[in-house]
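A short write-up of the structure that comes next.
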Amino acid sequence: GVKLAALCGFTVLLFALKTPLTLALAAAAVGVVIASGGVTFATTSLKMLRPLWPFVLIVGLWHIWIGQPTQGAAIVIRMITAVAAANFVTMTTRLADMISVLETLTRPLSRIGLSPRALALAVALTIRFIPVTLSRMQTIRESWRARSPRRPGWRVLLPATLAALDDAEAVAEAL
């Protein structure tokens, strides 16, 4: 609970910061915290930021095109920093602890018929399955590259979707 509260407070602080310099200092602070986990931890954390690069590129190019590169830099730094901080929290929090906090937070929803335990478990599993899904997607891309000289592009969407559905079915059966 303390980690999630700190993450929420940090994210609010990120939105209060406006200049790229102050946001870069916040990003550096997150980088130091992540680096304190060691080389393997930091490398894994960086790999988890990979899906952001298309968004970074689009936002950056858009703001350069409209003549607001400083604002674009601030948005990009804020986005990367917030996601890196969230990754740090999820990488350093046990699933049982996350479920407990989420169950407490969703308890008021039981008044409208929603099970706090089921909601907490669904959110926690979604968070934990992101790295698994990304790893599966990378494996599918590598399989494509081994069989074809062309870039995989959209052609890997169907196998990735089927793999995600297969994983979801296996988890559902296990639960």
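Chain labels follow the order of the structure tokens: the first chain is A, the next B, and so on; residue numbering restarts at 1 in every chain, and ligands are counted from 1 in their shown order.
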For this session: Please run DSSP on the backbone and report, as an MDAnalysis selection string, all residues within stretch 2-169 of chain A that come out as alpha helix (DSSP H).
Result: chainID A and resid 2:16 20:35 39:47 53:65 69:91 95:106 116:147 157:169
Write the residues of the preceding selection, restricted to C-alpha atoms, as a compact mmCIF listing (two decimals), in the first residue's frame.
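Produced file again.txt, reproduced below:
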# COMPACT_ATOMS: atom_id res chain seq x y z
CA VAL A 2 2.83 2.37 0.83
CA LYS A 3 4.49 1.73 -2.53
CA LEU A 4 1.29 2.33 -4.46
CA ALA A 5 0.57 5.51 -2.49
CA ALA A 6 4.12 6.71 -3.14
CA LEU A 7 3.72 5.89 -6.84
CA CYS A 8 0.47 7.86 -6.98
CA GLY A 9 2.09 10.81 -5.20
CA PHE A 10 5.12 10.68 -7.48
CA THR A 11 2.92 10.58 -10.58
CA VAL A 12 0.96 13.61 -9.37
CA LEU A 13 4.29 15.37 -8.77
CA LEU A 14 5.36 14.52 -12.32
CA PHE A 15 2.30 16.32 -13.67
CA ALA A 16 3.07 19.34 -11.49
CA PRO A 20 12.04 19.25 -19.28
CA LEU A 21 14.94 19.95 -16.90
CA THR A 22 12.94 19.31 -13.73
CA LEU A 23 11.34 16.27 -15.33
CA ALA A 24 14.78 14.99 -16.35
CA LEU A 25 15.87 15.29 -12.70
CA ALA A 26 12.84 13.22 -11.67
CA ALA A 27 13.71 10.69 -14.38
CA ALA A 28 17.29 10.56 -13.12
CA ALA A 29 16.01 9.90 -9.60
CA VAL A 30 13.91 6.99 -10.87
CA GLY A 31 16.94 5.76 -12.82
CA VAL A 32 19.07 5.78 -9.66
CA VAL A 33 16.39 3.85 -7.76
CA ILE A 34 16.15 1.28 -10.55
CA ALA A 35 19.94 1.02 -10.85
CA VAL A 39 22.50 -4.62 -13.59
CA THR A 40 20.07 -7.45 -14.31
CA PHE A 41 17.19 -5.59 -12.64
CA ALA A 42 18.00 -2.37 -14.52
CA THR A 43 18.30 -4.21 -17.84
CA THR A 44 14.95 -5.90 -17.32
CA SER A 45 13.40 -2.58 -16.38
CA LEU A 46 14.75 -0.97 -19.55
CA LYS A 47 13.42 -3.82 -21.67
CA TRP A 53 9.12 3.87 -28.12
CA PRO A 54 6.45 4.19 -30.83
CA PHE A 55 4.54 6.59 -28.58
CA VAL A 56 7.72 8.51 -27.77
CA LEU A 57 8.44 8.83 -31.48
CA ILE A 58 4.91 9.92 -32.40
CA VAL A 59 4.61 12.46 -29.57
CA GLY A 60 8.11 13.80 -30.21
CA LEU A 61 7.66 14.17 -33.96
CA TRP A 62 4.22 15.72 -33.54
CA HIS A 63 5.48 18.39 -31.16
CA ILE A 64 8.45 19.14 -33.39
CA TRP A 65 6.09 19.47 -36.35
CA PRO A 69 9.60 20.75 -29.01
CA THR A 70 9.99 21.77 -25.36
CA GLN A 71 6.43 20.74 -24.54
CA GLY A 72 6.94 17.49 -26.46
CA ALA A 73 10.13 16.75 -24.54
CA ALA A 74 8.31 17.33 -21.26
CA ILE A 75 5.51 14.95 -22.24
CA VAL A 76 7.93 12.26 -23.40
CA ILE A 77 10.09 12.48 -20.26
CA ARG A 78 6.98 12.45 -18.04
CA MET A 79 5.59 9.38 -19.81
CA ILE A 80 8.83 7.39 -19.63
CA THR A 81 9.42 8.35 -16.00
CA ALA A 82 5.89 7.42 -14.89
CA VAL A 83 6.00 4.04 -16.63
CA ALA A 84 9.50 3.30 -15.29
CA ALA A 85 8.36 4.12 -11.75
CA ALA A 86 5.27 1.91 -12.15
CA ASN A 87 7.46 -0.91 -13.50
CA PHE A 88 9.71 -0.55 -10.46
CA VAL A 89 6.76 -0.90 -8.11
CA THR A 90 5.36 -3.95 -9.89
CA MET A 91 8.79 -5.57 -10.14
CA LEU A 95 1.63 -10.52 -6.13
CA ALA A 96 -0.07 -11.42 -2.82
CA ASP A 97 0.65 -7.94 -1.46
CA MET A 98 -0.68 -6.29 -4.60
CA ILE A 99 -3.86 -8.36 -4.45
CA SER A 100 -4.36 -7.43 -0.80
CA VAL A 101 -4.04 -3.69 -1.48
CA LEU A 102 -6.25 -3.81 -4.56
CA GLU A 103 -8.85 -5.82 -2.67
CA THR A 104 -8.92 -3.18 0.06
CA LEU A 105 -9.21 -0.38 -2.50
CA THR A 106 -12.04 -2.08 -4.40
CA PRO A 116 -13.34 -7.10 -4.55
CA ARG A 117 -11.31 -10.32 -4.54
CA ALA A 118 -12.08 -11.06 -8.20
CA LEU A 119 -11.35 -7.48 -9.26
CA ALA A 120 -8.07 -7.39 -7.35
CA LEU A 121 -6.98 -10.71 -8.80
CA ALA A 122 -7.89 -9.62 -12.34
CA VAL A 123 -5.90 -6.37 -12.05
CA ALA A 124 -2.90 -8.09 -10.46
CA LEU A 125 -2.84 -10.82 -13.09
CA THR A 126 -3.10 -8.27 -15.87
CA ILE A 127 -0.12 -6.37 -14.46
CA ARG A 128 1.93 -9.51 -14.04
CA PHE A 129 1.09 -10.87 -17.50
CA ILE A 130 2.40 -7.82 -19.37
CA PRO A 131 6.04 -9.04 -19.31
CA VAL A 132 4.93 -12.57 -20.21
CA THR A 133 2.94 -11.27 -23.16
CA LEU A 134 5.82 -9.08 -24.33
CA SER A 135 8.19 -12.04 -24.11
CA ARG A 136 5.77 -14.21 -26.08
CA MET A 137 5.48 -11.47 -28.73
CA GLN A 138 9.28 -11.33 -29.02
CA THR A 139 9.43 -15.10 -29.46
CA ILE A 140 6.81 -14.94 -32.22
CA ARG A 141 8.74 -12.15 -33.98
CA GLU A 142 11.96 -14.17 -33.79
CA SER A 143 10.16 -17.21 -35.21
CA TRP A 144 8.92 -15.07 -38.09
CA ARG A 145 12.43 -13.74 -38.77
CA ALA A 146 13.83 -17.28 -38.78
CA ARG A 147 11.37 -18.27 -41.52
CA LEU A 157 -0.82 -10.09 -34.55
CA LEU A 158 -2.93 -13.21 -35.07
CA PRO A 159 -0.39 -15.64 -33.54
CA ALA A 160 0.21 -13.21 -30.65
CA THR A 161 -3.52 -12.86 -30.04
CA LEU A 162 -4.02 -16.61 -30.12
CA ALA A 163 -1.10 -17.10 -27.73
CA ALA A 164 -2.57 -14.53 -25.32
CA LEU A 165 -5.97 -16.26 -25.46
CA ASP A 166 -4.29 -19.62 -24.88
CA ASP A 167 -2.44 -18.22 -21.84
CA ALA A 168 -5.67 -16.69 -20.51
CA GLU A 169 -7.48 -20.03 -20.88
